[in-house]
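Undergrad: Okay, so here is query_13.txt, and as you'll see once you scroll down, it has compact mmCIF, C-alpha atoms.
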```txt
# COMPACT_ATOMS: atom_id res chain seq x y z
CA MET L 1452 17.09 -13.57 19.92
CA PRO L 1453 18.02 -14.18 23.56
CA MET L 1454 17.36 -10.49 24.17
CA LEU L 1455 13.93 -10.79 22.59
CA THR L 1456 12.98 -13.76 24.75
CA ARG L 1457 14.21 -11.89 27.82
CA LEU L 1458 12.00 -8.95 26.91
CA ALA L 1459 9.06 -11.28 26.34
CA ASN L 1460 8.69 -11.28 30.11
CA PRO L 1461 6.06 -8.57 30.74
CA ALA L 1462 7.66 -7.20 33.90
CA ARG L 1463 11.04 -6.87 32.22
CA PHE L 1464 9.35 -5.39 29.15
CA MET L 1465 7.69 -2.70 31.28
CA ARG L 1466 11.04 -1.68 32.77
CA ALA L 1467 12.92 -1.64 29.44
CA SER L 1468 10.16 0.16 27.54
CA SER L 1469 9.81 2.91 30.14
CA THR L 1470 13.46 3.82 29.51
CA ALA L 1471 13.15 3.58 25.72
CA LEU L 1472 9.86 5.45 25.38
CA PRO L 1473 10.95 9.11 25.85
CA TRP L 1474 13.99 8.58 23.62
CA LEU L 1475 11.89 7.02 20.86
CA GLY L 1476 9.33 9.82 21.06
CA ALA L 1477 11.92 12.58 20.90
CA LEU L 1478 13.82 10.86 18.10
CA ALA L 1479 10.66 10.26 16.02
CA THR L 1480 9.56 13.88 16.37
CA GLY L 1481 13.03 15.18 15.48
CA VAL L 1482 13.56 12.94 12.45
CA ILE L 1483 10.06 13.64 11.06
CA ALA L 1484 10.57 17.39 11.55
CA VAL L 1485 13.89 17.25 9.66
CA GLY L 1486 12.36 15.08 6.91
CA LEU L 1487 9.32 17.33 6.46
CA VAL L 1488 11.33 20.54 6.20
CA TRP L 1489 13.83 18.87 3.87
CA GLY L 1490 11.12 17.35 1.67
CA LEU L 1491 8.67 20.25 1.61
CA VAL L 1492 11.13 23.15 1.44
CA PHE L 1493 14.60 22.12 0.31
CA ALA L 1494 14.01 19.18 -2.05
CA PRO L 1495 13.71 20.20 -5.72
CA PRO L 1496 10.40 20.14 -7.62
CA ASP L 1497 9.91 17.39 -10.20
CA TYR L 1498 10.50 18.01 -13.90
CA GLN L 1499 7.02 16.65 -14.72
CA GLN L 1500 4.93 17.08 -11.60
CA GLY L 1501 6.32 20.34 -10.27
CA GLU L 1502 5.58 21.06 -6.61
CA SER L 1503 2.87 18.37 -6.33
CA VAL L 1504 5.61 15.77 -6.08
CA ARG L 1505 6.11 16.77 -2.42
CA ILE L 1506 3.04 14.73 -1.48
CA MET L 1507 5.36 11.78 -2.08
CA PHE L 1508 7.26 12.53 1.16
CA VAL L 1509 4.16 11.65 3.17
CA HIS L 1510 2.47 9.22 0.80
CA VAL L 1511 5.32 6.79 0.15
CA PRO L 1512 6.61 6.37 3.76
CA SER L 1513 3.05 5.89 5.03
CA ALA L 1514 2.47 3.23 2.35
CA TRP L 1515 5.67 1.44 3.41
CA MET L 1516 4.61 1.61 7.06
CA ALA L 1517 1.08 0.43 6.25
CA MET L 1518 2.57 -2.76 4.82
CA SER L 1519 5.37 -3.15 7.41
CA ALA L 1520 2.91 -2.73 10.29
CA TYR L 1521 0.72 -5.46 8.82
CA LEU L 1522 3.74 -7.74 8.49
CA PHE L 1523 4.57 -6.97 12.13
CA ILE L 1524 1.03 -7.94 13.18
CA ALA L 1525 1.16 -11.14 11.12
CA VAL L 1526 4.52 -12.22 12.60
CA ALA L 1527 3.36 -11.39 16.13
CA SER L 1528 0.14 -13.34 15.49
CA GLY L 1529 2.11 -16.33 14.25
CA VAL L 1530 4.30 -16.24 17.37
CA ALA L 1531 1.18 -15.93 19.53
CA LEU L 1532 -0.50 -18.89 17.85
CA VAL L 1533 2.51 -21.20 17.88
CA TRP L 1534 4.52 -20.28 20.97
CA ARG L 1535 1.78 -18.59 23.04
CA HIS L 1536 4.06 -15.75 24.08
CA PRO L 1537 2.04 -13.48 26.40
CA LEU L 1538 3.36 -10.30 24.79
CA ALA L 1539 2.84 -11.36 21.16
CA ASP L 1540 -0.95 -10.87 21.19
CA ILE L 1541 -0.57 -7.56 22.99
CA ALA L 1542 2.01 -6.39 20.42
CA ALA L 1543 -0.21 -7.38 17.48
CA GLN L 1544 -3.26 -5.67 18.94
CA ALA L 1545 -1.26 -2.57 19.85
CA ALA L 1546 0.04 -2.23 16.27
CA ALA L 1547 -3.33 -2.61 14.51
CA PRO L 1548 -4.80 0.91 14.94
CA VAL L 1549 -1.38 2.44 14.22
CA GLY L 1550 -1.10 0.48 10.97
CA ALA L 1551 -4.68 1.36 10.07
CA GLY L 1552 -3.78 5.01 10.62
CA PHE L 1553 -0.79 4.80 8.28
CA THR L 1554 -3.00 3.09 5.66
CA ALA L 1555 -5.60 5.85 5.95
CA VAL L 1556 -2.90 8.51 5.52
CA CYS L 1557 -1.55 6.61 2.50
CA LEU L 1558 -5.01 6.40 0.87
CA ALA L 1559 -5.91 10.03 1.60
CA SER L 1560 -2.58 11.50 0.45
CA GLY L 1561 -2.65 9.29 -2.64
CA SER L 1562 -6.11 10.56 -3.49
CA LEU L 1563 -4.97 14.18 -3.11
CA TRP L 1564 -2.01 13.42 -5.36
CA GLY L 1565 -4.03 11.52 -7.96
CA ARG L 1566 -6.50 14.32 -8.58
CA PRO L 1567 -4.01 16.86 -10.01
CA MET L 1568 -1.65 14.35 -11.64
CA TRP L 1569 -3.87 11.61 -13.05
CA GLY L 1570 -7.11 13.54 -13.21
CA ALA L 1571 -8.97 11.26 -10.78
CA TRP L 1572 -9.36 11.07 -6.98
CA TRP L 1573 -9.71 7.31 -7.17
CA VAL L 1574 -9.54 4.52 -9.74
CA TRP L 1575 -10.17 0.82 -9.25
CA ASP L 1576 -6.79 -0.41 -10.42
CA ALA L 1577 -5.00 -3.32 -8.80
CA ARG L 1578 -2.70 -1.23 -6.56
CA LEU L 1579 -5.35 1.08 -5.15
CA THR L 1580 -7.85 -1.71 -4.66
CA SER L 1581 -5.38 -4.00 -2.88
CA VAL L 1582 -4.39 -1.19 -0.48
CA LEU L 1583 -8.07 -0.54 0.24
CA VAL L 1584 -8.38 -4.27 1.02
CA LEU L 1585 -5.43 -3.85 3.43
CA PHE L 1586 -7.29 -1.04 5.18
CA PHE L 1587 -10.40 -3.23 5.55
CA LEU L 1588 -8.23 -6.08 6.85
CA TYR L 1589 -6.98 -3.77 9.60
CA LEU L 1590 -10.52 -2.72 10.50
CA GLY L 1591 -11.73 -6.33 10.39
CA TYR L 1592 -8.87 -7.44 12.63
CA ILE L 1593 -9.62 -4.73 15.21
CA ALA L 1594 -13.34 -5.52 15.16
CA LEU L 1595 -12.81 -9.27 15.41
CA VAL L 1596 -10.37 -9.05 18.34
CA ASN L 1597 -12.87 -6.93 20.29
CA ALA L 1598 -15.92 -8.99 19.35
CA PHE L 1599 -15.36 -11.67 22.00
CA ASP L 1600 -16.05 -11.40 25.72
CA ASP L 1601 -13.18 -13.79 26.29
CA ARG L 1602 -9.99 -11.94 25.41
CA THR L 1603 -7.98 -15.06 24.57
CA ARG L 1604 -10.58 -16.29 22.08
CA GLY L 1605 -10.71 -12.87 20.42
CA ALA L 1606 -6.93 -12.83 20.17
CA ARG L 1607 -6.87 -16.31 18.62
CA ALA L 1608 -9.48 -15.43 15.99
CA GLY L 1609 -7.70 -12.17 15.21
CA SER L 1610 -4.36 -13.95 14.83
CA LEU L 1611 -5.85 -16.30 12.24
CA LEU L 1612 -7.34 -13.40 10.28
CA ALA L 1613 -4.02 -11.51 10.41
CA LEU L 1614 -2.17 -14.56 9.06
CA VAL L 1615 -4.69 -15.17 6.27
CA GLY L 1616 -4.50 -11.52 5.23
CA VAL L 1617 -0.75 -11.66 4.79
CA VAL L 1618 -1.22 -12.96 1.21
CA ASN L 1619 -2.38 -9.45 0.37
CA LEU L 1620 1.11 -8.00 0.98
CA PRO L 1621 2.84 -9.51 -2.09
CA ILE L 1622 -0.27 -8.64 -4.11
CA ILE L 1623 0.07 -4.97 -3.11
CA LYS L 1624 3.81 -4.92 -3.74
CA PHE L 1625 3.75 -6.61 -7.15
CA SER L 1626 0.34 -5.42 -8.40
CA VAL L 1627 2.06 -2.73 -10.47
CA ASP L 1628 4.26 -5.36 -12.15
CA TRP L 1629 1.74 -8.16 -12.63
CA TRP L 1630 -1.13 -6.12 -14.07
CA ASN L 1631 -1.68 -2.91 -16.01
CA THR L 1632 -2.32 -0.24 -13.42
CA LEU L 1633 -2.68 3.52 -13.44
CA HIS L 1634 -0.41 3.67 -10.41
CA GLN L 1635 3.24 3.92 -11.40
CA PRO L 1636 5.68 1.06 -10.74
CA ALA L 1637 8.18 1.13 -7.87
CA SER L 1638 10.90 3.79 -7.93
CA VAL L 1639 12.94 2.80 -4.87
CA LEU L 1640 12.34 -0.83 -3.83
CA ARG L 1641 12.97 -2.39 -7.25
CA LEU L 1642 15.52 -4.51 -9.07
CA GLY L 1643 18.22 -2.17 -10.28
CA ALA L 1644 18.99 1.39 -9.26
CA PRO L 1645 16.24 3.69 -7.93
CA THR L 1646 14.67 5.87 -10.64
CA ILE L 1647 14.46 8.82 -8.30
CA ALA L 1648 17.06 11.59 -8.03
CA LEU L 1649 19.24 11.45 -4.91
CA SER L 1650 18.10 14.94 -3.86
CA MET L 1651 14.56 13.52 -3.51
CA LEU L 1652 15.50 10.04 -2.33
CA LEU L 1653 17.40 11.25 0.76
CA PRO L 1654 14.53 13.25 2.35
CA LEU L 1655 12.22 10.35 1.44
CA LEU L 1656 14.42 7.92 3.38
CA VAL L 1657 14.60 10.34 6.34
CA MET L 1658 10.80 10.47 6.41
CA ALA L 1659 10.67 6.67 6.21
CA LEU L 1660 12.99 6.41 9.22
CA GLY L 1661 10.89 8.97 11.09
CA PHE L 1662 7.66 7.06 10.41
CA MET L 1663 9.36 3.84 11.53
CA LEU L 1664 10.37 5.46 14.84
CA LEU L 1665 6.87 6.89 15.20
CA PHE L 1666 5.43 3.41 14.72
CA GLY L 1667 7.77 1.95 17.34
CA TRP L 1668 6.96 4.72 19.80
CA LEU L 1669 3.18 4.42 19.37
CA VAL L 1670 3.22 0.61 19.56
CA LEU L 1671 5.32 0.63 22.76
CA LEU L 1672 3.01 3.24 24.25
CA ARG L 1673 -0.08 1.18 23.42
CA MET L 1674 1.52 -2.06 24.64
CA ARG L 1675 2.34 -0.48 27.98
CA ALA L 1676 -1.19 0.88 28.25
CA ALA L 1677 -2.64 -2.58 27.49
CA LEU L 1678 -0.39 -4.27 30.08
CA ASN L 1679 -1.24 -1.67 32.71
CA GLU L 1680 -4.93 -2.10 31.97
CA ARG L 1681 -4.69 -5.86 32.42
CA LYS L 1682 -2.70 -5.43 35.60
CA ALA L 1683 -5.31 -3.06 36.99
CA HIS L 1684 -8.05 -5.49 35.98
CA ALA L 1685 -6.29 -8.38 37.70
CA LEU L 1686 -5.60 -6.34 40.84
CA ARG L 1687 -9.24 -5.35 41.08
CA LEU L 1688 -10.30 -9.00 40.81
CA TYR L 1689 -7.83 -10.11 43.46
CA GLY L 1690 -9.00 -7.23 45.64
CA GLN L 1691 -12.59 -8.36 45.30
CA LEU L 1692 -11.63 -11.93 46.10
CA ALA L 1693 -9.61 -10.86 49.14
CA ALA L 1694 -12.54 -8.76 50.39
CA GLY L 1695 -14.64 -11.89 50.23
CA GLU L 1696 -17.00 -10.64 47.55
CA PRO L 1697 -19.14 -13.55 46.50
CA ARG L 1698 -19.64 -12.58 42.87
CA LEU L 1699 -17.00 -13.87 40.48
CA PRO L 1700 -16.02 -11.59 37.58
CA MET L 1701 -17.00 -12.35 34.00
CA ALA L 1702 -13.53 -13.21 32.81
CA PRO L 1703 -11.67 -15.35 35.36
CA PRO L 1704 -8.16 -14.01 35.93
CA VAL L 1705 -6.64 -17.45 35.43
CA ALA L 1706 -7.49 -17.22 31.73
CA ASP L 1707 -5.38 -14.14 31.33
CA VAL L 1708 -1.76 -15.22 31.10
CA ALA L 1709 -0.47 -11.73 30.51
CA ALA L 1710 -2.17 -10.32 33.56
CA ARG L 1711 -0.85 -13.07 35.79
CA ALA L 1712 2.63 -12.59 34.41
CA ALA L 1713 2.39 -8.84 34.91
CA LEU L 1714 1.50 -9.35 38.55
CA ARG L 1715 4.60 -11.36 39.30
CA MET H 530 6.46 -33.98 17.74
CA THR H 531 5.72 -31.44 20.46
CA ARG H 532 2.51 -29.41 20.52
CA LYS H 533 4.43 -26.28 19.51
CA GLN H 534 5.86 -28.02 16.46
CA ARG H 535 2.43 -29.31 15.52
CA ARG H 536 0.95 -25.81 15.76
CA LEU H 537 3.83 -24.39 13.71
CA LEU H 538 3.28 -27.04 11.05
CA ALA H 539 -0.46 -26.28 10.96
CA VAL H 540 0.16 -22.53 10.56
CA VAL H 541 2.82 -22.99 7.86
CA ALA H 542 0.85 -25.62 5.95
CA GLY H 543 -2.39 -23.67 6.17
CA LEU H 544 -0.76 -20.47 4.98
CA SER H 545 1.03 -22.18 2.08
CA LEU H 546 -2.16 -23.88 0.90
CA PHE H 547 -4.14 -20.66 1.17
CA GLY H 548 -1.38 -18.69 -0.56
CA ALA H 549 -1.22 -21.21 -3.38
CA SER H 550 -4.98 -21.13 -3.92
CA VAL H 551 -5.04 -17.32 -3.99
CA ALA H 552 -2.16 -17.36 -6.49
CA MET H 553 -4.09 -19.77 -8.71
CA VAL H 554 -7.26 -17.66 -8.58
CA LEU H 555 -5.31 -14.52 -9.43
CA ALA H 556 -3.52 -16.28 -12.30
CA ALA H 557 -6.86 -17.51 -13.65
CA PHE H 558 -8.44 -14.05 -13.54
CA SER H 559 -5.25 -12.30 -14.55
CA SER H 560 -6.55 -10.97 -17.87
CA ASP H 561 -9.63 -9.52 -16.16
CA LEU H 562 -7.62 -7.74 -13.46
CA VAL H 563 -6.00 -5.28 -15.86
CA PHE H 564 -6.99 -1.66 -15.51
CA PHE H 565 -6.59 -1.06 -19.24
CA TYR H 566 -5.74 -2.86 -22.49
CA SER H 567 -2.79 -1.95 -24.65
CA PRO H 568 -3.61 -1.30 -28.32
CA SER H 569 -2.00 -4.64 -29.22
CA GLY H 570 -3.94 -6.37 -26.45
CA LEU H 571 -7.13 -4.91 -27.93
CA ILE H 572 -6.63 -6.88 -31.15
CA ALA H 573 -6.01 -10.09 -29.22
CA ARG H 574 -9.17 -9.60 -27.12
CA ASP H 575 -11.63 -9.13 -30.01
CA ILE H 576 -13.56 -6.34 -28.32
CA ALA H 577 -16.66 -5.23 -30.21
CA PRO H 578 -17.60 -1.56 -30.69
CA GLY H 579 -19.82 -0.08 -28.01
CA HIS H 580 -18.25 -1.88 -25.03
CA ARG H 581 -16.96 0.44 -22.35
CA ILE H 582 -13.24 -0.22 -21.95
CA ARG H 583 -9.98 1.49 -21.07
CA ILE H 584 -6.93 1.54 -23.28
CA GLY H 585 -3.49 2.70 -22.24
CA GLY H 586 -0.11 3.44 -23.75
CA ILE H 587 2.07 6.35 -24.77
CA VAL H 588 0.71 9.47 -26.50
CA GLU H 589 2.43 9.19 -29.87
CA ARG H 590 4.69 12.14 -30.71
CA HIS H 591 3.38 14.82 -33.07
CA THR H 592 -0.12 13.33 -33.27
CA VAL H 593 -1.98 15.62 -30.85
CA VAL H 594 -4.38 17.84 -32.84
CA ARG H 595 -6.78 20.30 -31.25
CA GLU H 596 -10.04 20.98 -33.04
CA ASP H 597 -11.28 24.51 -33.66
CA ASP H 598 -13.84 24.33 -30.85
CA GLY H 599 -10.94 24.30 -28.36
CA LYS H 600 -12.36 21.36 -26.41
CA THR H 601 -11.97 18.42 -28.75
CA VAL H 602 -8.57 16.83 -29.11
CA ALA H 603 -7.42 13.94 -31.31
CA PHE H 604 -4.25 11.92 -30.83
CA ARG H 605 -2.87 8.41 -31.15
CA ILE H 606 -2.01 5.99 -28.33
CA THR H 607 0.80 3.57 -29.10
CA ASP H 608 2.43 0.66 -27.29
CA GLY H 609 5.29 0.41 -29.81
CA LYS H 610 3.63 -2.29 -31.89
CA THR H 611 0.13 -0.96 -32.55
CA ASN H 612 -1.34 2.52 -32.40
CA ILE H 613 -4.94 3.61 -32.16
CA ALA H 614 -6.60 6.93 -32.94
CA VAL H 615 -8.44 8.56 -30.03
CA THR H 616 -10.83 11.49 -29.89
CA TYR H 617 -11.78 13.24 -26.67
CA THR H 618 -13.83 16.29 -25.74
CA GLY H 619 -13.17 17.80 -22.36
CA ILE H 620 -10.46 18.94 -19.97
CA LEU H 621 -7.15 17.10 -20.09
CA PRO H 622 -5.18 16.35 -16.89
CA ASP H 623 -2.03 18.43 -16.22
CA LEU H 624 0.33 15.58 -16.98
CA PHE H 625 -1.14 14.86 -20.42
CA ARG H 626 1.57 15.42 -23.02
CA GLU H 627 3.19 13.80 -26.03
CA GLY H 628 5.52 10.94 -25.19
CA GLN H 629 3.86 10.39 -21.78
CA GLY H 630 1.70 7.53 -20.53
CA VAL H 631 -2.06 7.91 -20.78
CA VAL H 632 -5.17 5.85 -20.04
CA ALA H 633 -8.36 6.57 -22.03
CA GLU H 634 -11.78 5.33 -20.96
CA GLY H 635 -14.53 5.07 -23.56
CA GLU H 636 -15.63 2.87 -26.44
CA LEU H 637 -14.55 1.84 -29.90
CA LEU H 638 -16.49 3.30 -32.80
CA PRO H 639 -17.32 0.99 -35.72
CA ASP H 640 -14.61 2.68 -37.83
CA GLY H 641 -11.92 1.66 -35.31
CA ILE H 642 -11.48 5.07 -33.70
CA PHE H 643 -11.60 5.17 -29.89
CA ALA H 644 -14.05 7.73 -28.52
CA ALA H 645 -12.80 8.58 -25.01
CA SER H 646 -15.04 10.02 -22.32
CA THR H 647 -12.30 10.21 -19.66
CA ILE H 648 -8.56 10.76 -20.03
CA LEU H 649 -6.23 9.85 -17.17
CA ALA H 650 -2.53 10.70 -17.25
CA LYS H 651 -0.23 7.86 -16.28
CA HIS H 652 2.94 8.86 -14.53
CA ASP H 653 6.13 6.83 -14.88
CA ALA H 654 8.43 5.93 -11.99
CA LYS H 655 11.01 8.64 -12.72
CA TYR H 656 11.51 11.58 -10.39
CA MET H 657 14.16 14.24 -10.97
CA PRO H 658 14.70 17.99 -10.67
CA PRO H 659 14.00 20.03 -13.85
CA GLU H 660 17.70 20.96 -14.17
CA VAL H 661 18.70 17.29 -14.33
CA ALA H 662 16.09 16.63 -17.04
CA GLU H 663 17.42 19.61 -19.02
CA GLU H 664 20.95 18.34 -18.69
CA LEU H 665 19.96 14.86 -19.89
CA LYS H 666 18.22 16.34 -22.93
CA LYS H 667 21.26 18.50 -23.72
CA THR H 668 23.70 15.61 -23.53
CA GLY H 669 21.45 13.34 -25.59
CA HIS H 670 20.80 10.81 -22.82
CA TRP H 671 17.08 11.39 -22.97
CA THR H 672 15.18 8.28 -24.00
CA GLU H 673 11.64 9.18 -22.96
CA GLY H 674 8.87 9.09 -25.53
CA SER H 675 11.05 7.44 -28.17
CA VAL H 676 8.54 4.63 -28.58
CA PRO H 677 8.07 3.47 -32.18
CA ALA H 678 4.63 4.31 -33.51
CA GLY H 679 3.80 0.78 -34.66
CA ARG H 680 1.05 -0.21 -37.07
CA PRO H 681 -2.40 1.41 -36.97
CA TYR H 682 -5.10 -0.55 -35.18
CA VAL H 683 -7.42 -2.49 -37.47
CA MET H 684 -10.55 -3.90 -35.93
CA PRO H 685 -10.63 -7.70 -36.28
CA ALA H 686 -13.21 -8.79 -38.88
CA ALA H 687 -14.87 -11.10 -36.35
CA VAL H 688 -16.16 -8.25 -34.18
CA ARG H 689 -17.00 -5.65 -36.82
```
For the file at hand, write its structure as structure tokens.

TA:
Amino acid sequence: MPMLTRLANPARFMRASSTALPWLGALATGVIAVGLVWGLVFAPPDYQQGESVRIMFVHVPSAWMAMSAYLFIAVASGVALVWRHPLADIAAQAAAPVGAGFTAVCLASGSLWGRPMWGAWWVWDARLTSVLVLFFLYLGYIALVNAFDDRTRGARAGSLLALVGVVNLPIIKFSVDWWNTLHQPASVLRLGAPTIALSMLLPLLVMALGFMLLFGWLVLLRMRAALNERKAHALRLYGQLAAGEPRLPMAPPVADVAARAALR
Amino acid sequence: MTRKQRRLLAVVAGLSLFGASVAMVLAAFSSDLVFFYSPSGLIARDIAPGHRIRIGGIVERHTVVREDDGKTVAFRITDGKTNIAVTYTGILPDLFREGQGVVAEGELLPDGIFAASTILAKHDAKYMPPEVAEELKKTGHWTEGSVPAGRPYVMPAAVR
């Protein structure tokens, strides 16, 4: 925790993340490459589904990341609302398109898997519908944050939406247990031993780790871009002020805590 | 109480209240959120013939019969307590087989037979290589599809 609060300082965050970024990128690429080759080539086919089961190695990790990324956004939004940490809003907003991307991959790969196995591209059962709601929550969050001229007000509204939407996460997770669904129940994250053979579980976990690293890499990249953008914005404003330009900018720099902190 | 604590309290209280209300709504609509009814659930729900519904369960062993036209298939869906006769004309999904989960969409005929217009295969949560499945069958540790057939579905008199 002390390390986290230390990194909450934007200037320190920029220094630490610039060291971590290339490592994260290389690691994510490597782990995903290993996981893909393992899952698509070396893992055995399924006794029922045959080769189609390999869609699982993309579908399941992206579904896990779709939910984890949303949880990340919700926690960051809570921190932003309560403690007003300058980096929390930036982290939440940086993660949103990445999480939306994982959700889109999850929905698309699930559809491709459902057609040959179930006999339908899409059904309106509780699991599929709740994941579609998650996707719309991501889009709604992104739209809401960008709908305000004042960045702080947009961030506040977005944080509230992100927190409200968090009730959807247990609904997604337990939909297959609470209601009759066409989607199968959990094979890995369940009470009791996984119902998936170890030779398939291992590449699945490697892919999950790879997607996690990819998420971390993309979020750091986007956070750094957002901080740099705010810094550039603030510098331009100060430049205009110093040059004695009479017109004041639309968003006064004093409102932007992150930009002021980044300048220090 | 500091302002931070007050904000934390507001967020936690707001979320708990909202979560509780969503939970209550979901519990109230729980029976309408199902994707399909089980054959036993069908009796409890008093569904009249002609309503478009889905039923789901296991394809009962040794009940799949193909008609001479090569397109029509008849079988029974069981949940272990009740079974129901289903007829279907069309292409079956790859995973459709005896002892496996299935969801049929269609309507009840007045004689209690379910006329399906769509058949979806339901996959269980088990994944294993074919060799492992063979081995389990050989050593007698195979439990799949051993669902008791149950009693045939009889349409409740109230809806007939």

Undergrad: Nearest residue to Pro1654 in chain L out of L:Met1507, L:Glu1502, L:Arg1578, L:Ala1471, using all atoms listed in the file?

TA: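 Nearest candidate to Pro1654 in chain L out of L:Met1507, L:Glu1502, L:Arg1578, L:Ala1471: L:Met1507.
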
Undergrad: Compute the set of chain L residues within 7 Å of chain H, using all atoms listed in the file, and express it as an mmCIF file with C-alpha atoms, in the coordinates of the input.

TA:
```cif
data_model
loop_
_atom_site.group_PDB
_atom_site.id
_atom_site.type_symbol
_atom_site.label_atom_id
_atom_site.label_comp_id
_atom_site.auth_asym_id
_atom_site.auth_seq_id
_atom_site.Cartn_x
_atom_site.Cartn_y
_atom_site.Cartn_z
ATOM 1 C CA PRO L 1495 13.710 20.200 -5.720
ATOM 2 C CA PRO L 1496 10.400 20.140 -7.620
ATOM 3 C CA ASP L 1497 9.910 17.390 -10.200
ATOM 4 C CA TYR L 1498 10.500 18.010 -13.900
ATOM 5 C CA VAL L 1533 2.510 -21.200 17.880
ATOM 6 C CA TRP L 1534 4.520 -20.280 20.970
ATOM 7 C CA PRO L 1567 -4.010 16.860 -10.010
ATOM 8 C CA MET L 1568 -1.650 14.350 -11.640
ATOM 9 C CA TRP L 1569 -3.870 11.610 -13.050
ATOM 10 C CA GLY L 1570 -7.110 13.540 -13.210
ATOM 11 C CA ASP L 1576 -6.790 -0.410 -10.420
ATOM 12 C CA ALA L 1577 -5.000 -3.320 -8.800
ATOM 13 C CA VAL L 1615 -4.690 -15.170 6.270
ATOM 14 C CA VAL L 1618 -1.220 -12.960 1.210
ATOM 15 C CA TRP L 1630 -1.130 -6.120 -14.070
ATOM 16 C CA ASN L 1631 -1.680 -2.910 -16.010
ATOM 17 C CA THR L 1632 -2.320 -0.240 -13.420
ATOM 18 C CA LEU L 1633 -2.680 3.520 -13.440
ATOM 19 C CA GLN L 1635 3.240 3.920 -11.400
ATOM 20 C CA PRO L 1636 5.680 1.060 -10.740
ATOM 21 C CA ALA L 1637 8.180 1.130 -7.870
ATOM 22 C CA SER L 1638 10.900 3.790 -7.930
ATOM 23 C CA THR L 1646 14.670 5.870 -10.640
ATOM 24 C CA ILE L 1647 14.460 8.820 -8.300
ATOM 25 C CA ALA L 1648 17.060 11.590 -8.030
#
```

Undergrad: Could you pull the residues within 8 Å of Asn612 in chain H, counting all atoms listed in the file, minus those fewer than 4 positions along the same chain, as number ranges by chain?

TA: H: 568-569, 605-608, 678-682

Undergrad: Name all residues at most 10 Å from Ala1517 in chain L (count all atoms listed in the file; drop same-chain ones fewer than 5 positions away) and give them as a PyMOL selection string.

TA: chain L and resi 1511-1512+1522+1547+1549-1557+1582+1585-1586+1589+1620+1666

Undergrad: Tell me which of H:Ala603, H:Val683, H:Ile576, H:Met530 sits closest to Glu636 in chain H, counting only C-alpha atoms.

TA: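 Ranking H:Ala603, H:Val683, H:Ile576, H:Met530 by distance to Glu636 in chain H, first place goes to H:Ile576.
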
Undergrad: Give the answer as one residue: which of L:Ala1659, L:Ala1542, L:Ala1462, L:Val1617 has the shortest atom-to-atom distance to Met1518 in chain L, using only C-alpha atoms?

TA: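 Nearest to Met1518 in chain L: L:Val1617.
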
Undergrad: Figure out the distance between CA of Leu637 in chain H and CA of Arg595 in chain H, please, to one decimal in Å.

TA: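 CA of Leu637 in chain H lies at a distance of 20.1 Å from CA of Arg595 in chain H.
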
Undergrad: Because the input lacks atoms here, generate N, CA and C atoms for range 1480-1491 of chain L and report them as a compact mmCIF listing (two decimals), in the frame of the given file.

TA:
```
# COMPACT_ATOMS: atom_id res chain seq x y z
N THR L 1480 9.96 12.51 16.65
CA THR L 1480 9.56 13.88 16.37
C THR L 1480 10.67 14.63 15.62
N GLY L 1481 11.91 14.47 16.11
CA GLY L 1481 13.03 15.18 15.48
C GLY L 1481 13.23 14.75 14.04
N VAL L 1482 13.28 13.44 13.81
CA VAL L 1482 13.56 12.94 12.45
C VAL L 1482 12.44 13.33 11.49
N ILE L 1483 11.18 13.26 11.94
CA ILE L 1483 10.06 13.64 11.06
C ILE L 1483 10.12 15.14 10.76
N ALA L 1484 10.47 15.94 11.77
CA ALA L 1484 10.57 17.39 11.55
C ALA L 1484 11.64 17.68 10.50
N VAL L 1485 12.81 17.05 10.63
CA VAL L 1485 13.89 17.25 9.66
C VAL L 1485 13.42 16.81 8.26
N GLY L 1486 12.80 15.63 8.20
CA GLY L 1486 12.36 15.08 6.91
C GLY L 1486 11.32 15.97 6.24
N LEU L 1487 10.38 16.49 7.04
CA LEU L 1487 9.32 17.33 6.46
C LEU L 1487 9.90 18.62 5.89
N VAL L 1488 10.76 19.29 6.68
CA VAL L 1488 11.33 20.54 6.20
C VAL L 1488 12.18 20.30 4.96
N TRP L 1489 12.98 19.22 5.00
CA TRP L 1489 13.83 18.87 3.87
C TRP L 1489 12.97 18.58 2.63
N GLY L 1490 11.95 17.76 2.80
CA GLY L 1490 11.12 17.35 1.67
C GLY L 1490 10.25 18.47 1.14
N LEU L 1491 9.65 19.26 2.05
CA LEU L 1491 8.67 20.25 1.61
C LEU L 1491 9.31 21.57 1.22
```
